[in-house]
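A.B. asks: Please find one structure pasted underneath; my questions will follow.
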Amino acid sequence: MGAKKKNLYSFFLRKKPVKILVNLAKDGKLRYASVLAKETDCTYSHTVRILNTMKQYGLVEFDKKGRLKAIKLTPLGKEIANHIEKAMRLFKKAEG
């Protein structure tokens, strides 16, 4: 497994990145980092760090509107979010 893939794999084994990605995919609306931080019970600065990592991997895009940056998933980000949501449903099913 290459270094980049290994890093992405270990990145998504953490709870907060998963929550942020799933929340971005929830209704397809543009979100702001401050809103995502509240929705995922995460600090603003940690949320921004996670989003910047997601941007490096091509999972999110920032749409700057004045001083605000809206965040949206890329097609790759949507695909990964869908797979994570499916896996979460399977985990819940397995837990009974």
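Residues in the structure tokens are numbered from 1 in each chain, the chains being A, B, ... in the order shown, and ligands are numbered from 1 in the order shown.
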Excluding Ala70 of chain A and its own-chain neighbours fewer than 3 positions away, which residues fall within 9 Å of it when counting only C-alpha atoms? Please give them as a ChimeraX atom specification.

C.D. replies: /A:30-33,61-65

A.B. asks: Could you write those residues out with N, CA and C atoms, as a compact mmCIF listing (two decimals), in the first residue's frame?

C.D. replies:
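Contents of again29.txt, freshly written:
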# COMPACT_ATOMS: atom_id res chain seq x y z
N LEU A 30 -24.54 23.32 0.57
CA LEU A 30 -23.24 23.86 0.93
C LEU A 30 -23.22 24.09 2.44
N ARG A 31 -22.10 23.83 3.05
CA ARG A 31 -21.97 24.03 4.49
C ARG A 31 -20.77 24.92 4.76
N TYR A 32 -20.76 25.52 5.91
CA TYR A 32 -19.63 26.32 6.37
C TYR A 32 -18.94 25.56 7.50
N ALA A 33 -17.64 25.81 7.66
CA ALA A 33 -16.86 25.10 8.67
C ALA A 33 -17.45 25.28 10.07
N GLU A 61 -14.32 20.77 -1.93
CA GLU A 61 -13.91 22.02 -2.59
C GLU A 61 -14.43 23.17 -1.73
N PHE A 62 -13.69 24.26 -1.75
CA PHE A 62 -14.12 25.46 -1.04
C PHE A 62 -14.62 26.46 -2.06
N ASP A 63 -15.75 27.07 -1.77
CA ASP A 63 -16.33 28.09 -2.63
C ASP A 63 -16.35 29.39 -1.82
N LYS A 64 -15.36 30.25 -2.09
CA LYS A 64 -15.21 31.46 -1.30
C LYS A 64 -16.22 32.52 -1.76
N LYS A 65 -17.00 33.00 -0.80
CA LYS A 65 -17.98 34.06 -1.05
C LYS A 65 -17.71 35.17 -0.05

A.B. asks: Counting only C-alpha atoms, which residues in segment 7-72 of chain A sit no more than 12 Å from segment 77-89 of chain A? For each one, give the nearest pair of atoms and the distance in Å, sorted by chain then residue number, as a Markdown table.

C.D. replies:
| residue | atom | partner | partner_atom | distance |
| --- | --- | --- | --- | --- |
| A:Leu8 | CA | A:Ile80 | CA | 11.4 |
| A:Tyr9 | CA | A:Ile80 | CA | 11.5 |
| A:Phe12 | CA | A:Ile84 | CA | 9.3 |
| A:Leu13 | CA | A:Ile84 | CA | 10.5 |
| A:Lys15 | CA | A:Ile84 | CA | 11.5 |
| A:Pro17 | CA | A:Ala81 | CA | 10.5 |
| A:Val18 | CA | A:Ile84 | CA | 7.6 |
| A:Lys19 | CA | A:Ala81 | CA | 9.6 |
| A:Ile20 | CA | A:Ala81 | CA | 9.6 |
| A:Leu21 | CA | A:Ala81 | CA | 6.0 |
| A:Val22 | CA | A:Ala81 | CA | 5.6 |
| A:Asn23 | CA | A:Ala81 | CA | 9.0 |
| A:Leu24 | CA | A:Ala81 | CA | 8.5 |
| A:Ala25 | CA | A:Lys78 | CA | 6.4 |
| A:Lys26 | CA | A:Ala81 | CA | 9.1 |
| A:Asp27 | CA | A:Lys78 | CA | 11.2 |
| A:Gly28 | CA | A:Lys78 | CA | 9.3 |
| A:Leu51 | CA | A:Gly77 | CA | 11.4 |
| A:Met54 | CA | A:Gly77 | CA | 8.4 |
| A:Lys55 | CA | A:Gly77 | CA | 9.5 |
| A:Gln56 | CA | A:Gly77 | CA | 11.6 |
| A:Tyr57 | CA | A:Gly77 | CA | 9.0 |
| A:Gly58 | CA | A:Gly77 | CA | 7.3 |
| A:Leu59 | CA | A:Gly77 | CA | 4.0 |
| A:Val60 | CA | A:Gly77 | CA | 6.3 |
| A:Glu61 | CA | A:Gly77 | CA | 9.5 |
| A:Ile71 | CA | A:Gly77 | CA | 11.4 |
| A:Lys72 | CA | A:Gly77 | CA | 8.8 |

A.B. asks: Using N, CA and C atoms, can you export the residues from the last selection as a PDB file, in the first residue's frame?

C.D. replies:
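The resulting file, again_17.pdb, is shown below:
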ATOM      1  N   LEU A   8      -4.503   8.087   3.888  1.00  0.00           N
ATOM      2  CA  LEU A   8      -5.931   8.320   3.710  1.00  0.00           C
ATOM      3  C   LEU A   8      -6.729   7.261   4.465  1.00  0.00           C
ATOM      4  N   TYR A   9      -6.282   6.019   4.410  1.00  0.00           N
ATOM      5  CA  TYR A   9      -6.953   4.929   5.121  1.00  0.00           C
ATOM      6  C   TYR A   9      -6.975   5.205   6.622  1.00  0.00           C
ATOM      7  N   PHE A  12      -9.375   8.070   7.749  1.00  0.00           N
ATOM      8  CA  PHE A  12     -10.801   7.787   7.840  1.00  0.00           C
ATOM      9  C   PHE A  12     -11.157   6.738   8.876  1.00  0.00           C
ATOM     10  N   LEU A  13     -10.213   6.263   9.619  1.00  0.00           N
ATOM     11  CA  LEU A  13     -10.539   5.392  10.742  1.00  0.00           C
ATOM     12  C   LEU A  13     -10.866   6.215  11.987  1.00  0.00           C
ATOM     13  N   LYS A  15     -13.098   9.125  14.056  1.00  0.00           N
ATOM     14  CA  LYS A  15     -14.523   9.450  14.158  1.00  0.00           C
ATOM     15  C   LYS A  15     -14.888  10.810  13.547  1.00  0.00           C
ATOM     16  N   PRO A  17     -13.444  12.881  11.172  1.00  0.00           N
ATOM     17  CA  PRO A  17     -13.491  13.001   9.709  1.00  0.00           C
ATOM     18  C   PRO A  17     -14.697  12.282   9.105  1.00  0.00           C
ATOM     19  N   VAL A  18     -15.050  11.143   9.666  1.00  0.00           N
ATOM     20  CA  VAL A  18     -16.209  10.400   9.165  1.00  0.00           C
ATOM     21  C   VAL A  18     -17.480  11.212   9.380  1.00  0.00           C
ATOM     22  N   LYS A  19     -17.638  11.777  10.581  1.00  0.00           N
ATOM     23  CA  LYS A  19     -18.827  12.585  10.875  1.00  0.00           C
ATOM     24  C   LYS A  19     -18.922  13.789   9.931  1.00  0.00           C
ATOM     25  N   ILE A  20     -17.803  14.449   9.699  1.00  0.00           N
ATOM     26  CA  ILE A  20     -17.795  15.632   8.832  1.00  0.00           C
ATOM     27  C   ILE A  20     -18.170  15.236   7.410  1.00  0.00           C
ATOM     28  N   LEU A  21     -17.577  14.167   6.900  1.00  0.00           N
ATOM     29  CA  LEU A  21     -17.878  13.739   5.535  1.00  0.00           C
ATOM     30  C   LEU A  21     -19.343  13.342   5.383  1.00  0.00           C
ATOM     31  N   VAL A  22     -19.869  12.597   6.342  1.00  0.00           N
ATOM     32  CA  VAL A  22     -21.268  12.158   6.279  1.00  0.00           C
ATOM     33  C   VAL A  22     -22.211  13.360   6.385  1.00  0.00           C
ATOM     34  N   ASN A  23     -21.896  14.313   7.239  1.00  0.00           N
ATOM     35  CA  ASN A  23     -22.742  15.508   7.362  1.00  0.00           C
ATOM     36  C   ASN A  23     -22.722  16.347   6.090  1.00  0.00           C
ATOM     37  N   LEU A  24     -21.583  16.401   5.422  1.00  0.00           N
ATOM     38  CA  LEU A  24     -21.524  17.127   4.155  1.00  0.00           C
ATOM     39  C   LEU A  24     -22.398  16.456   3.100  1.00  0.00           C
ATOM     40  N   ALA A  25     -22.503  15.145   3.157  1.00  0.00           N
ATOM     41  CA  ALA A  25     -23.283  14.402   2.168  1.00  0.00           C
ATOM     42  C   ALA A  25     -24.764  14.334   2.516  1.00  0.00           C
ATOM     43  N   LYS A  26     -25.109  14.695   3.749  1.00  0.00           N
ATOM     44  CA  LYS A  26     -26.457  14.483   4.272  1.00  0.00           C
ATOM     45  C   LYS A  26     -27.559  15.028   3.378  1.00  0.00           C
ATOM     46  N   ASP A  27     -27.502  16.272   2.997  1.00  0.00           N
ATOM     47  CA  ASP A  27     -28.595  16.835   2.195  1.00  0.00           C
ATOM     48  C   ASP A  27     -28.101  17.572   0.953  1.00  0.00           C
ATOM     49  N   GLY A  28     -26.814  17.482   0.681  1.00  0.00           N
ATOM     50  CA  GLY A  28     -26.272  18.072  -0.537  1.00  0.00           C
ATOM     51  C   GLY A  28     -26.126  19.587  -0.524  1.00  0.00           C
ATOM     52  N   LEU A  51     -10.892  19.521   7.131  1.00  0.00           N
ATOM     53  CA  LEU A  51     -11.352  19.935   5.796  1.00  0.00           C
ATOM     54  C   LEU A  51     -10.183  20.198   4.852  1.00  0.00           C
ATOM     55  N   MET A  54      -8.989  16.915   3.686  1.00  0.00           N
ATOM     56  CA  MET A  54      -9.926  16.391   2.693  1.00  0.00           C
ATOM     57  C   MET A  54      -9.735  17.083   1.348  1.00  0.00           C
ATOM     58  N   LYS A  55      -9.435  18.374   1.386  1.00  0.00           N
ATOM     59  CA  LYS A  55      -9.193  19.114   0.139  1.00  0.00           C
ATOM     60  C   LYS A  55      -7.935  18.597  -0.550  1.00  0.00           C
ATOM     61  N   GLN A  56      -6.893  18.302   0.225  1.00  0.00           N
ATOM     62  CA  GLN A  56      -5.657  17.768  -0.348  1.00  0.00           C
ATOM     63  C   GLN A  56      -5.908  16.461  -1.095  1.00  0.00           C
ATOM     64  N   TYR A  57      -6.832  15.653  -0.598  1.00  0.00           N
ATOM     65  CA  TYR A  57      -7.152  14.373  -1.230  1.00  0.00           C
ATOM     66  C   TYR A  57      -8.233  14.496  -2.294  1.00  0.00           C
ATOM     67  N   GLY A  58      -8.719  15.710  -2.530  1.00  0.00           N
ATOM     68  CA  GLY A  58      -9.710  15.931  -3.585  1.00  0.00           C
ATOM     69  C   GLY A  58     -11.119  15.519  -3.204  1.00  0.00           C
ATOM     70  N   LEU A  59     -11.439  15.530  -1.904  1.00  0.00           N
ATOM     71  CA  LEU A  59     -12.760  15.108  -1.449  1.00  0.00           C
ATOM     72  C   LEU A  59     -13.724  16.269  -1.271  1.00  0.00           C
ATOM     73  N   VAL A  60     -13.196  17.469  -1.022  1.00  0.00           N
ATOM     74  CA  VAL A  60     -14.036  18.655  -0.857  1.00  0.00           C
ATOM     75  C   VAL A  60     -13.459  19.802  -1.669  1.00  0.00           C
ATOM     76  N   GLU A  61     -14.321  20.771  -1.929  1.00  0.00           N
ATOM     77  CA  GLU A  61     -13.910  22.018  -2.585  1.00  0.00           C
ATOM     78  C   GLU A  61     -14.427  23.167  -1.734  1.00  0.00           C
ATOM     79  N   ILE A  71     -18.326  24.875   1.817  1.00  0.00           N
ATOM     80  CA  ILE A  71     -17.667  23.605   1.533  1.00  0.00           C
ATOM     81  C   ILE A  71     -18.652  22.687   0.830  1.00  0.00           C
ATOM     82  N   LYS A  72     -18.177  22.029  -0.221  1.00  0.00           N
ATOM     83  CA  LYS A  72     -19.023  21.039  -0.885  1.00  0.00           C
ATOM     84  C   LYS A  72     -18.174  19.830  -1.238  1.00  0.00           C
TER      85      LYS A  72
END

A.B. asks: Apply DSSP to the backbone of this structure and, from chain A, keep only the residues in helix (DSSP H, G or I); write these as an NGL selection string.

C.D. replies: :A and (3-11 or 15-25 or 33-39 or 44-56 or 75-95)

A.B. asks: For a test of reading the model, state the distance in Å between atom CA of Tyr44 of chain A and atom CA of Leu68 of chain A, rounded to one decimal.

C.D. replies: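 Separating atom CA of Tyr44 of chain A from atom CA of Leu68 of chain A is a distance of 13.7 Å.
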
A.B. asks: Using atom CA of Gly66 of chain A and atom CA of Asn52 of chain A as the two end points, give the distance in Å to one decimal.

C.D. replies: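 Between atom CA of Gly66 of chain A and atom CA of Asn52 of chain A the gap is 18.8 Å.
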
A.B. asks: Check the DSSP output for the backbone and give back, as a list in words, the residues of chain A in strand (DSSP E or B).

C.D. replies: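 Strand (DSSP E or B) members of chain A, listed: Arg31, Tyr32, Val60, Glu61, Phe62, Asp63, Lys64, Lys65, Leu68, Lys69, Ala70, Ile71, Lys72 and Leu73 of chain A.
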